[in-house]
$ cat model.txt   # compact mmCIF, C-alpha atoms
# COMPACT_ATOMS: atom_id res chain seq x y z
CA MET A 725 -28.87 -24.50 17.43
CA SER A 726 -28.80 -24.04 21.22
CA ASP A 727 -28.31 -20.55 22.73
CA GLU A 728 -24.77 -21.50 23.76
CA ALA A 729 -23.51 -22.19 20.21
CA PRO A 730 -20.43 -19.96 19.60
CA PRO A 731 -20.60 -17.46 16.69
CA PRO A 732 -18.83 -18.69 13.55
CA PRO A 733 -15.18 -17.57 13.29
CA GLU A 734 -14.62 -14.31 11.32
CA ARG A 735 -12.88 -15.96 8.36
CA ALA A 736 -15.61 -18.49 7.79
CA ARG A 737 -18.51 -16.05 8.06
CA ARG A 738 -20.34 -15.43 4.80
CA LEU A 739 -19.68 -11.82 3.87
CA PRO A 740 -21.47 -10.01 1.03
CA ARG A 741 -19.58 -10.28 -2.25
CA ALA A 742 -18.97 -6.50 -2.42
CA VAL A 743 -17.18 -6.58 0.94
CA ARG A 744 -15.02 -9.53 -0.11
CA GLU A 745 -14.12 -7.80 -3.36
CA ARG A 746 -13.07 -4.68 -1.49
CA GLN A 747 -10.88 -6.76 0.84
CA ILE A 748 -9.25 -8.43 -2.13
CA LEU A 749 -8.63 -5.15 -3.99
CA ASP A 750 -7.21 -3.48 -0.86
CA ALA A 751 -4.82 -6.38 -0.39
CA ALA A 752 -3.88 -6.49 -4.07
CA VAL A 753 -3.03 -2.76 -4.23
CA GLN A 754 -0.83 -3.22 -1.17
CA VAL A 755 1.01 -6.24 -2.59
CA PHE A 756 1.38 -4.80 -6.12
CA ALA A 757 2.75 -1.53 -4.68
CA ARG A 758 5.24 -3.44 -2.54
CA HIS A 759 6.63 -5.91 -5.08
CA GLY A 760 5.60 -4.61 -8.51
CA TYR A 761 3.27 -6.44 -10.87
CA HIS A 762 5.58 -9.20 -12.01
CA ALA A 763 6.97 -10.15 -8.59
CA ALA A 764 3.62 -9.96 -6.78
CA SER A 765 2.13 -13.38 -6.01
CA MET A 766 -1.50 -14.43 -5.78
CA ASP A 767 -0.52 -16.42 -2.66
CA GLU A 768 0.49 -13.26 -0.83
CA ILE A 769 -2.60 -11.38 -1.99
CA SER A 770 -4.75 -14.26 -0.74
CA GLU A 771 -2.93 -14.24 2.61
CA VAL A 772 -3.15 -10.44 3.11
CA ALA A 773 -6.83 -10.38 2.07
CA GLY A 774 -7.74 -13.40 4.21
CA VAL A 775 -9.60 -14.75 1.20
CA SER A 776 -8.83 -18.08 -0.50
CA LYS A 777 -7.19 -18.09 -3.92
CA PRO A 778 -10.08 -19.90 -5.63
CA MET A 779 -12.44 -17.24 -4.30
CA ILE A 780 -10.19 -14.48 -5.69
CA TYR A 781 -10.20 -16.13 -9.12
CA THR A 782 -13.98 -16.52 -9.00
CA TYR A 783 -14.66 -12.95 -7.90
CA LEU A 784 -12.01 -10.90 -9.71
CA GLY A 785 -10.18 -13.22 -12.10
CA ALA A 786 -6.50 -14.01 -12.61
CA LYS A 787 -3.60 -11.71 -11.80
CA GLU A 788 -3.89 -9.61 -14.95
CA ASP A 789 -7.62 -8.96 -14.45
CA LEU A 790 -7.05 -8.24 -10.80
CA PHE A 791 -4.35 -5.70 -11.59
CA GLY A 792 -6.60 -4.07 -14.18
CA LYS A 793 -9.35 -3.72 -11.59
CA CYS A 794 -6.91 -2.19 -9.11
CA VAL A 795 -5.79 0.40 -11.68
CA GLN A 796 -9.39 1.21 -12.55
CA ARG A 797 -10.50 1.59 -8.94
CA GLU A 798 -7.51 3.70 -7.89
CA ALA A 799 -7.77 5.95 -10.97
CA ASN A 800 -11.42 6.63 -10.16
CA ARG A 801 -10.67 7.27 -6.49
CA LEU A 802 -7.95 9.73 -7.41
CA LEU A 803 -10.10 11.65 -9.89
CA GLU A 804 -12.99 11.72 -7.40
CA ALA A 805 -10.72 13.00 -4.62
CA VAL A 806 -9.40 15.81 -6.83
CA GLN A 807 -12.83 16.76 -8.13
CA ALA A 808 -14.28 16.78 -4.63
CA GLY A 809 -11.59 19.30 -3.64
CA VAL A 810 -12.32 21.73 -6.46
CA GLN A 811 -14.93 24.39 -5.72
CA PRO A 812 -16.29 25.57 -9.05
CA GLU A 813 -17.57 28.89 -7.68
CA LEU A 814 -14.04 30.07 -6.83
CA PRO A 815 -11.71 31.94 -9.21
CA PRO A 816 -9.51 29.71 -11.43
CA ASP A 817 -6.32 30.02 -9.38
CA MET A 818 -8.15 29.02 -6.18
CA GLN A 819 -9.73 26.08 -7.99
CA LEU A 820 -6.31 24.93 -9.12
CA TRP A 821 -4.92 25.41 -5.63
CA HIS A 822 -7.62 23.27 -4.04
CA GLY A 823 -7.31 20.67 -6.81
CA LEU A 824 -3.56 20.40 -6.31
CA ARG A 825 -3.90 20.15 -2.54
CA SER A 826 -6.46 17.37 -2.89
CA PHE A 827 -4.16 15.62 -5.33
CA TYR A 828 -1.14 15.76 -3.01
CA ARG A 829 -3.27 14.83 -0.01
CA PHE A 830 -4.45 11.75 -1.87
CA VAL A 831 -0.90 10.81 -2.89
CA GLY A 832 0.29 11.27 0.70
CA GLU A 833 -2.56 9.25 2.23
CA TYR A 834 -2.73 6.55 -0.42
CA ARG A 835 0.91 6.14 -1.35
CA GLU A 836 0.19 2.62 -2.55
CA SER A 837 -2.53 3.82 -4.92
CA TRP A 838 -0.19 6.31 -6.52
CA THR A 839 2.59 3.72 -6.72
CA VAL A 840 0.30 1.31 -8.54
CA LEU A 841 -1.09 4.03 -10.82
CA HIS A 842 2.06 5.87 -11.69
CA ARG A 843 5.02 3.59 -11.13
CA GLN A 844 3.46 0.18 -11.79
CA ALA A 845 0.72 0.62 -14.38
CA LEU A 846 3.00 2.41 -16.83
CA THR A 847 5.79 -0.08 -16.48
CA VAL A 848 3.52 -3.09 -16.89
CA GLY A 849 2.35 -1.57 -20.14
CA GLY A 850 -0.39 -2.61 -22.56
CA THR A 851 -3.98 -1.74 -21.69
CA PHE A 852 -2.98 -0.52 -18.21
CA ALA A 853 -0.78 2.17 -19.70
CA ALA A 854 -3.65 3.10 -22.02
CA GLU A 855 -5.93 3.55 -18.98
CA ILE A 856 -3.39 5.90 -17.39
CA THR A 857 -3.05 7.85 -20.63
CA ASP A 858 -6.84 8.31 -20.59
CA MET A 859 -6.75 9.54 -17.00
CA ARG A 860 -3.99 12.02 -17.88
CA MET A 861 -6.01 13.33 -20.81
CA ARG A 862 -9.00 13.95 -18.54
CA ALA A 863 -6.77 15.78 -16.05
CA ILE A 864 -5.23 17.92 -18.82
CA GLU A 865 -8.68 18.90 -20.12
CA LEU A 866 -9.77 19.86 -16.60
CA VAL A 867 -6.73 22.10 -16.12
CA ALA A 868 -7.00 23.54 -19.63
CA ALA A 869 -10.52 24.75 -18.78
CA LEU A 870 -9.07 26.61 -15.78
CA VAL A 871 -6.24 28.14 -17.80
CA VAL A 872 -8.62 29.31 -20.51
CA ALA A 873 -10.99 30.70 -17.86
CA ALA A 874 -8.11 32.62 -16.27
CA GLY A 875 -6.96 33.96 -19.63
CA THR A 876 -10.48 34.99 -20.58
CA ARG A 877 -10.89 36.88 -17.31
CA LYS A 878 -7.90 38.94 -18.34
CA GLY A 879 -9.29 39.51 -21.83
CA LEU A 880 -6.86 37.06 -23.43
CA GLY A 881 -9.32 34.38 -24.43
CA GLU A 882 -7.88 33.65 -27.83
CA GLN A 883 -4.26 33.47 -26.71
CA ALA A 884 -5.21 31.31 -23.74
CA GLU A 885 -7.25 29.03 -25.98
CA PHE A 886 -4.29 28.60 -28.31
CA SER A 887 -1.68 27.66 -25.75
CA GLY A 888 -4.08 26.30 -23.10
CA THR A 889 -3.75 22.57 -23.71
CA GLY A 890 0.03 22.75 -24.12
CA LEU A 891 0.44 24.67 -20.87
CA SER A 892 -1.95 22.30 -19.13
CA ALA A 893 -0.03 19.29 -20.37
CA ALA A 894 3.08 20.92 -18.91
CA LEU A 895 1.34 21.57 -15.60
CA VAL A 896 -0.04 18.04 -15.29
CA GLY A 897 3.41 16.63 -16.10
CA ALA A 898 4.94 18.87 -13.43
CA ALA A 899 2.34 17.80 -10.86
CA GLU A 900 2.86 14.08 -11.54
CA SER A 901 6.61 14.34 -11.51
CA LEU A 902 6.54 16.25 -8.22
CA ALA A 903 4.16 13.64 -6.75
CA ASP A 904 6.62 10.95 -7.71
CA TRP A 905 9.40 12.92 -6.03
CA ALA A 906 7.20 13.40 -2.96
CA LEU A 907 6.86 9.61 -2.51
CA ASP A 908 10.51 9.70 -1.45
CA HIS A 909 10.02 12.85 0.68
CA PRO A 910 7.04 12.13 2.93
CA GLU A 911 8.09 14.96 5.27
CA ILE A 912 6.89 17.58 2.74
CA SER A 913 3.17 18.36 3.29
CA ASP A 914 0.51 18.54 0.59
CA GLY A 915 0.18 22.29 1.22
CA VAL A 916 3.87 22.88 0.59
CA LEU A 917 3.86 20.76 -2.58
CA ALA A 918 0.77 22.48 -3.94
CA SER A 919 2.16 25.93 -3.18
CA TRP A 920 5.47 25.13 -4.91
CA LEU A 921 3.55 24.37 -8.07
CA MET A 922 1.26 27.36 -7.69
CA ASN A 923 4.23 29.64 -7.23
CA LEU A 924 6.10 28.18 -10.12
CA VAL A 925 3.36 27.80 -12.59
CA TRP A 926 0.60 30.20 -11.66
CA LEU A 927 2.77 33.22 -11.00
CA GLY A 928 4.55 32.48 -14.27
CA PHE A 929 1.26 32.29 -16.09
CA ASN A 930 0.12 35.50 -14.46
CA ASP A 931 3.21 37.31 -15.62
CA LEU A 932 2.58 35.94 -19.05
CA VAL A 933 -0.98 37.20 -19.32
CA GLU A 934 0.11 40.56 -17.88
CA GLY A 935 2.41 40.84 -20.87
CA GLN A 936 5.60 40.35 -18.83
CA VAL A 937 7.69 37.76 -20.64
CA TRP A 938 11.03 36.11 -20.22
CA LYS A 939 13.32 36.78 -23.19
CA PRO A 940 16.75 35.32 -23.91
CA SER A 941 19.28 38.01 -22.94
CA ASP A 942 21.14 37.77 -26.27
CA ALA A 943 18.01 38.38 -28.34
CA MET B 1011 39.09 -9.44 -61.80
CA SER B 1012 39.20 -7.69 -65.20
CA ASP B 1013 38.76 -3.91 -65.35
CA GLU B 1014 35.28 -4.36 -66.83
CA ALA B 1015 33.83 -6.36 -63.89
CA PRO B 1016 30.75 -4.50 -62.54
CA PRO B 1017 30.85 -3.37 -58.89
CA PRO B 1018 28.99 -5.73 -56.54
CA PRO B 1019 25.37 -4.70 -55.89
CA GLU B 1020 24.84 -2.42 -52.84
CA ARG B 1021 23.03 -5.04 -50.75
CA ALA B 1022 25.65 -7.73 -51.20
CA ARG B 1023 28.66 -5.52 -50.55
CA ARG B 1024 30.52 -6.27 -47.32
CA LEU B 1025 30.02 -3.29 -45.05
CA PRO B 1026 31.88 -2.79 -41.77
CA ARG B 1027 29.92 -4.19 -38.83
CA ALA B 1028 29.47 -0.74 -37.25
CA VAL B 1029 27.71 0.51 -40.40
CA ARG B 1030 25.41 -2.52 -40.51
CA GLU B 1031 24.57 -2.09 -36.83
CA ARG B 1032 23.67 1.55 -37.41
CA GLN B 1033 21.42 0.59 -40.33
CA ILE B 1034 19.69 -2.00 -38.19
CA LEU B 1035 19.19 0.36 -35.24
CA ASP B 1036 17.87 3.13 -37.50
CA ALA B 1037 15.35 0.72 -39.00
CA ALA B 1038 14.39 -0.71 -35.61
CA VAL B 1039 13.70 2.72 -34.07
CA GLN B 1040 11.50 3.54 -37.06
CA VAL B 1041 9.52 0.28 -36.86
CA PHE B 1042 9.18 0.32 -33.04
CA ALA B 1043 7.97 3.94 -33.15
CA ARG B 1044 5.41 3.07 -35.83
CA HIS B 1045 3.91 -0.10 -34.36
CA GLY B 1046 4.95 -0.23 -30.70
CA TYR B 1047 7.20 -2.89 -29.22
CA HIS B 1048 4.77 -5.79 -29.18
CA ALA B 1049 3.37 -5.34 -32.68
CA ALA B 1050 6.73 -4.62 -34.33
CA SER B 1051 8.09 -7.58 -36.32
CA MET B 1052 11.68 -8.60 -36.96
CA ASP B 1053 10.63 -9.25 -40.58
CA GLU B 1054 9.76 -5.59 -41.10
CA ILE B 1055 12.93 -4.41 -39.36
CA SER B 1056 14.97 -6.71 -41.60
CA GLU B 1057 13.18 -5.36 -44.68
CA VAL B 1058 13.56 -1.68 -43.74
CA ALA B 1059 17.21 -2.17 -42.79
CA GLY B 1060 18.02 -4.20 -45.90
CA VAL B 1061 19.81 -6.66 -43.60
CA SER B 1062 18.89 -10.33 -43.28
CA LYS B 1063 17.21 -11.55 -40.10
CA PRO B 1064 20.04 -14.00 -39.21
CA MET B 1065 22.50 -11.11 -39.47
CA ILE B 1066 20.35 -8.98 -37.13
CA TYR B 1067 20.28 -11.79 -34.57
CA THR B 1068 24.05 -12.27 -34.86
CA TYR B 1069 24.87 -8.57 -34.54
CA LEU B 1070 22.30 -7.25 -32.07
CA GLY B 1071 20.36 -10.23 -30.70
CA ALA B 1072 16.65 -10.99 -30.51
CA LYS B 1073 13.82 -8.42 -30.38
CA GLU B 1074 14.19 -7.66 -26.68
CA ASP B 1075 17.95 -7.03 -26.93
CA LEU B 1076 17.44 -4.98 -30.06
CA PHE B 1077 14.83 -2.80 -28.35
CA GLY B 1078 17.13 -2.34 -25.36
CA LYS B 1079 19.92 -1.18 -27.66
CA CYS B 1080 17.56 1.27 -29.38
CA VAL B 1081 16.55 2.75 -26.02
CA GLN B 1082 20.18 3.04 -24.93
CA ARG B 1083 21.33 4.69 -28.14
CA GLU B 1084 18.43 7.15 -28.33
CA ALA B 1085 18.76 8.08 -24.63
CA ASN B 1086 22.44 8.87 -25.15
CA ARG B 1087 21.74 10.85 -28.32
CA LEU B 1088 19.11 12.90 -26.50
CA LEU B 1089 21.32 13.68 -23.52
CA GLU B 1090 24.23 14.54 -25.82
CA ALA B 1091 22.04 16.85 -27.90
CA VAL B 1092 20.82 18.69 -24.79
CA GLN B 1093 24.28 18.94 -23.26
CA ALA B 1094 25.76 20.20 -26.53
CA GLY B 1095 23.19 23.02 -26.47
CA VAL B 1096 24.01 24.19 -22.94
CA GLN B 1097 26.73 26.82 -22.65
CA PRO B 1098 28.11 26.61 -19.12
CA GLU B 1099 29.54 30.15 -19.13
CA LEU B 1100 26.05 31.70 -19.45
CA PRO B 1101 23.78 32.64 -16.51
CA PRO B 1102 21.48 29.83 -15.27
CA ASP B 1103 18.32 31.02 -17.04
CA MET B 1104 20.13 31.22 -20.39
CA GLN B 1105 21.57 27.76 -19.82
CA LEU B 1106 18.10 26.40 -19.19
CA TRP B 1107 16.76 28.22 -22.25
CA HIS B 1108 19.39 26.71 -24.54
CA GLY B 1109 18.96 23.29 -22.95
CA LEU B 1110 15.19 23.38 -23.49
CA ARG B 1111 15.54 24.54 -27.08
CA SER B 1112 17.98 21.72 -27.81
CA PHE B 1113 15.59 19.30 -26.19
CA TYR B 1114 12.60 20.41 -28.27
CA ARG B 1115 14.70 20.60 -31.43
CA PHE B 1116 15.75 16.99 -30.85
CA VAL B 1117 12.15 15.88 -30.22
CA GLY B 1118 11.01 17.70 -33.38
CA GLU B 1119 13.78 16.29 -35.57
CA TYR B 1120 13.82 12.79 -34.12
CA ARG B 1121 10.15 12.18 -33.39
CA GLU B 1122 10.73 8.45 -33.60
CA SER B 1123 13.47 8.58 -30.97
CA TRP B 1124 11.22 10.39 -28.54
CA THR B 1125 8.33 8.04 -29.29
CA VAL B 1126 10.52 5.02 -28.53
CA LEU B 1127 12.01 6.62 -25.41
CA HIS B 1128 8.93 8.15 -23.88
CA ARG B 1129 5.88 6.35 -25.23
CA GLN B 1130 7.30 2.88 -25.89
CA ALA B 1131 10.03 2.21 -23.36
CA LEU B 1132 7.82 3.05 -20.38
CA THR B 1133 4.91 0.98 -21.61
CA VAL B 1134 7.06 -2.05 -22.38
CA GLY B 1135 8.28 -1.93 -18.81
CA GLY B 1136 10.94 -3.90 -17.02
CA THR B 1137 14.58 -2.93 -17.52
CA PHE B 1138 13.66 -0.45 -20.26
CA ALA B 1139 11.57 1.59 -17.86
CA ALA B 1140 14.47 1.47 -15.39
CA GLU B 1141 16.78 2.91 -18.06
CA ILE B 1142 14.35 5.79 -18.65
CA THR B 1143 14.08 6.40 -14.90
CA ASP B 1144 17.88 6.69 -14.80
CA MET B 1145 17.88 9.17 -17.67
CA ARG B 1146 15.21 11.26 -15.89
CA MET B 1147 17.26 11.30 -12.71
CA ARG B 1148 20.29 12.60 -14.61
CA ALA B 1149 18.15 15.32 -16.22
CA ILE B 1150 16.68 16.32 -12.83
CA GLU B 1151 20.15 16.61 -11.30
CA LEU B 1152 21.30 18.75 -14.21
CA VAL B 1153 18.35 21.13 -13.77
CA ALA B 1154 18.67 21.14 -9.97
CA ALA B 1155 22.23 22.43 -10.33
CA LEU B 1156 20.89 25.36 -12.39
CA VAL B 1157 18.11 26.12 -9.91
CA VAL B 1158 20.53 26.08 -6.99
CA ALA B 1159 22.97 28.27 -8.94
CA ALA B 1160 20.19 30.77 -9.65
CA GLY B 1161 19.08 30.77 -6.02
CA THR B 1162 22.64 31.22 -4.77
CA ARG B 1163 23.15 34.21 -7.10
CA LYS B 1164 20.23 35.82 -5.31
CA GLY B 1165 21.63 34.94 -1.89
CA LEU B 1166 19.06 32.21 -1.33
CA GLY B 1167 21.39 29.24 -1.44
CA GLU B 1168 19.91 27.31 1.43
CA GLN B 1169 16.29 27.69 0.37
CA ALA B 1170 17.18 26.79 -3.22
CA GLU B 1171 19.12 23.75 -2.01
CA PHE B 1172 16.13 22.59 0.00
CA SER B 1173 13.49 22.79 -2.70
CA GLY B 1174 15.84 22.46 -5.69
CA THR B 1175 15.34 18.80 -6.55
CA GLY B 1176 11.56 18.97 -6.06
CA LEU B 1177 11.25 21.98 -8.34
CA SER B 1178 13.56 20.38 -10.86
CA ALA B 1179 11.51 17.19 -10.83
CA ALA B 1180 8.47 19.38 -11.56
CA LEU B 1181 10.26 21.16 -14.39
CA VAL B 1182 11.50 17.95 -16.01
CA GLY B 1183 7.99 16.48 -15.78
CA ALA B 1184 6.57 19.62 -17.38
CA ALA B 1185 9.15 19.51 -20.19
CA GLU B 1186 8.48 15.83 -20.96
CA SER B 1187 4.74 16.22 -20.85
CA LEU B 1188 4.90 19.24 -23.19
CA ALA B 1189 7.18 17.26 -25.55
CA ASP B 1190 4.60 14.52 -25.66
CA TRP B 1191 1.91 17.09 -26.44
CA ALA B 1192 4.16 18.60 -29.13
CA LEU B 1193 4.34 15.25 -30.97
CA ASP B 1194 0.71 15.88 -31.89
CA HIS B 1195 1.35 19.58 -32.67
CA PRO B 1196 4.31 19.62 -35.06
CA GLU B 1197 3.41 23.18 -36.15
CA ILE B 1198 4.71 24.61 -32.84
CA SER B 1199 8.45 25.38 -33.09
CA ASP B 1200 11.09 24.41 -30.54
CA GLY B 1201 11.60 28.11 -29.72
CA VAL B 1202 7.93 28.58 -28.87
CA LEU B 1203 7.81 25.42 -26.74
CA ALA B 1204 10.96 26.37 -24.85
CA SER B 1205 9.72 29.92 -24.25
CA TRP B 1206 6.36 28.67 -22.91
CA LEU B 1207 8.24 26.69 -20.29
CA MET B 1208 10.65 29.51 -19.53
CA ASN B 1209 7.79 31.92 -19.10
CA LEU B 1210 5.82 29.55 -16.95
CA VAL B 1211 8.54 28.17 -14.82
CA TRP B 1212 11.40 30.61 -14.79
CA LEU B 1213 9.36 33.74 -14.24
CA GLY B 1214 7.55 31.88 -11.50
CA PHE B 1215 10.80 30.88 -9.89
CA ASN B 1216 12.09 34.42 -10.20
CA ASP B 1217 9.04 35.79 -8.40
CA LEU B 1218 9.60 33.18 -5.76
CA VAL B 1219 13.21 34.09 -5.04
CA GLU B 1220 12.25 37.78 -5.10
CA GLY B 1221 9.94 36.99 -2.21
CA GLN B 1222 6.76 37.45 -4.26
CA VAL B 1223 4.54 34.46 -3.58
CA TRP B 1224 1.13 33.23 -4.58
CA LYS B 1225 -1.14 32.84 -1.55
CA PRO B 1226 -4.62 31.35 -1.41
CA SER B 1227 -7.03 34.29 -1.25
CA ASP B 1228 -8.89 32.82 1.75
CA ALA B 1229 -5.73 32.52 3.89

$ encode --input "model.txt" --output "structure tokens"
Amino acid sequence: MSDEAPPPPERARRLPRAVRERQILDAAVQVFARHGYHAASMDEISEVAGVSKPMIYTYLGAKEDLFGKCVQREANRLLEAVQAGVQPELPPDMQLWHGLRSFYRFVGEYRESWTVLHRQALTVGGTFAAEITDMRMRAIELVAALVVAAGTRKGLGEQAEFSGTGLSAALVGAAESLADWALDHPEISDGVLASWLMNLVWLGFNDLVEGQVWKPSDA
Amino acid sequence: MSDEAPPPPERARRLPRAVRERQILDAAVQVFARHGYHAASMDEISEVAGVSKPMIYTYLGAKEDLFGKCVQREANRLLEAVQAGVQPELPPDMQLWHGLRSFYRFVGEYRESWTVLHRQALTVGGTFAAEITDMRMRAIELVAALVVAAGTRKGLGEQAEFSGTGLSAALVGAAESLADWALDHPEISDGVLASWLMNLVWLGFNDLVEGQVWKPSDA
């Protein structure tokens, strides 16, 4: 207890449980994204986190629980990031634009999150896949509200209401699939990705509500 | 061996192996679609197929092999159905239109196939998910060829080449996601589903190659 006693080494210092849990989850997302759920080892997660295996089991449970907590945390982070980007006072197309940019910014910055959410969670299956399905449903409802709002602005409330969820399901599928593609093309910025989708989908929708429709040429 | 001997009962008659295998696969797709991979039982498949369990194991293997063979067969049937619908002498938009209609007709007629391919195979994971990823890649390449062809017709070959696979990934994601939505809305016809996508995506793409673009209103 003299003044000269050295401070305890970093690893041995008692950190608050919340900090430890964050370290473990950060490490787990990294390792799961790199190797996939089945090949990922608790040894490597323990090493990357700098937290002993028994402590991981005590704090967050076995591999399956740990993966579940990763999926949950990353899904919430993603939804929060997208919602933070949307400015509800703007017109629907600008809301969608900002939402898409936030989405692609998140995917670009947190590639490992998206890998765990989209590539891993679905392929591991079971309750994880169910969690992703829930997240998708929430995203589709969010977009459907924008589509209906846009249709209503143009006096096409009923028509927009009718096809709104179908079109939104299509848009969310397009956004996810493009995000997956973007993982392999990190040189494309979030602005470019978002504007591709806006151009494809929003201009198409605009034409549609203006009464301009594509028709098969033999009809 | 007298003329009066009754014919052997249907179940006991010796059928060619190919016929038996088809019966088993038909039954398996039905049972997997109904209960999901994990909850599906070989007993029920045997009962629905009218083929004994030992014979199923001999012909097509255990549950995992059987599921793999279902995924493979249904993936091939789907791709064949879509390719049969495409008429390569037509302009790119008409090719896409016919391809999409064939796709939605298949999903509407063979709901169980699509359920096994899209909802089950991904959530079971492992090699099945890899098979689906392969099928998606083939679909994206097919669509990319159409997008590039359309861009080239308008003298925009290079630009279309650049963004072609990204846009096609978006389109395939939109088509899958809408098919999934359509499973819960059987009252919407394949023509309506296909024209929603054409209107959304093709008109949007057309605007894009005509130089008409969506821009954020604050830019």

$ closest_residue --input "model.txt" --among "B:Ala1160, B:Met1145, B:Ala1140, B:Ala1028" --to "chain A" --atoms "all atoms listed in the file"
B:Ala1140

$ closest_residue --input "model.txt" --among "B:Asp1036, B:Glu1099, B:Asp1144, B:Glu1186" --to "Phe1077 of chain B" --atoms "only C-alpha atoms"
B:Asp1036

$ closest_residue --input "model.txt" --among "B:Cys1080, B:Ile1055, B:Ala1049, B:Val1158" --to "chain A" --atoms "only C-alpha atoms"
B:Ala1049

$ atom_distance --input "model.txt" --atom1 "atom CA of Ser826 of chain A" --atom2 "atom CA of Asp789 of chain A"
28.8 Å

$ atom_distance --input "model.txt" --atom1 "atom CA of Glu1151 of chain B" --atom2 "atom CA of Ser1178 of chain B"
7.6 Å

$ closest_residue --input "model.txt" --among "A:Leu902, A:Leu907, A:Leu784, A:Ala799" --to "Arg860 of chain A" --atoms "all atoms listed in the file"
A:Ala799

$ residues_around --input "model.txt" --residues "Leu1152 of chain B" --least-positions-apart "4" --cutoff "12 Å" --atoms "all atoms listed in the file" --output "list of chain:residue names"
B:Leu1089, B:Val1092, B:Gln1093, B:Val1096, B:Pro1098, B:Pro1102, B:Gln1105, B:Leu1106, B:Gly1109, B:Met1145, B:Arg1146, B:Met1147, B:Arg1148, B:Leu1156, B:Val1157, B:Val1158, B:Ala1159, B:Gly1174, B:Thr1175, B:Ser1178, B:Ala1179, B:Leu1181, B:Val1182

$ residues_around --input "model.txt" --residues "Arg1027 of chain B" --least-positions-apart "4" --cutoff "9 Å" --atoms "all atoms listed in the file" --output "list in words"
Glu1031, Arg1032 and Tyr1069 of chain B

$ write_last_selection --input "model.txt" --atoms "C-alpha atoms" --output "PDB file, in the frame of the given file"
ATOM      1  CA  GLU B1031      24.570  -2.090 -36.830  1.00  0.00           C
ATOM      2  CA  ARG B1032      23.670   1.550 -37.410  1.00  0.00           C
ATOM      3  CA  TYR B1069      24.870  -8.570 -34.540  1.00  0.00           C
TER       4      TYR B1069
END

$ closest_residue --input "model.txt" --among "B:Asp1103, B:Glu1074, B:Glu1057, B:Glu1090" --to "chain A" --atoms "only C-alpha atoms"
B:Asp1103

$ residues_around --input "model.txt" --residues "Glu768 of chain A" --least-positions-apart "4" --cutoff "8 Å" --atoms "all atoms listed in the file" --output "list in words"
Val755, Ala764 and Val772 of chain A

$ atom_distance --input "model.txt" --atom1 "atom CA of Ala757 of chain A" --atom2 "atom CA of Val840 of chain A"
5.4 Å
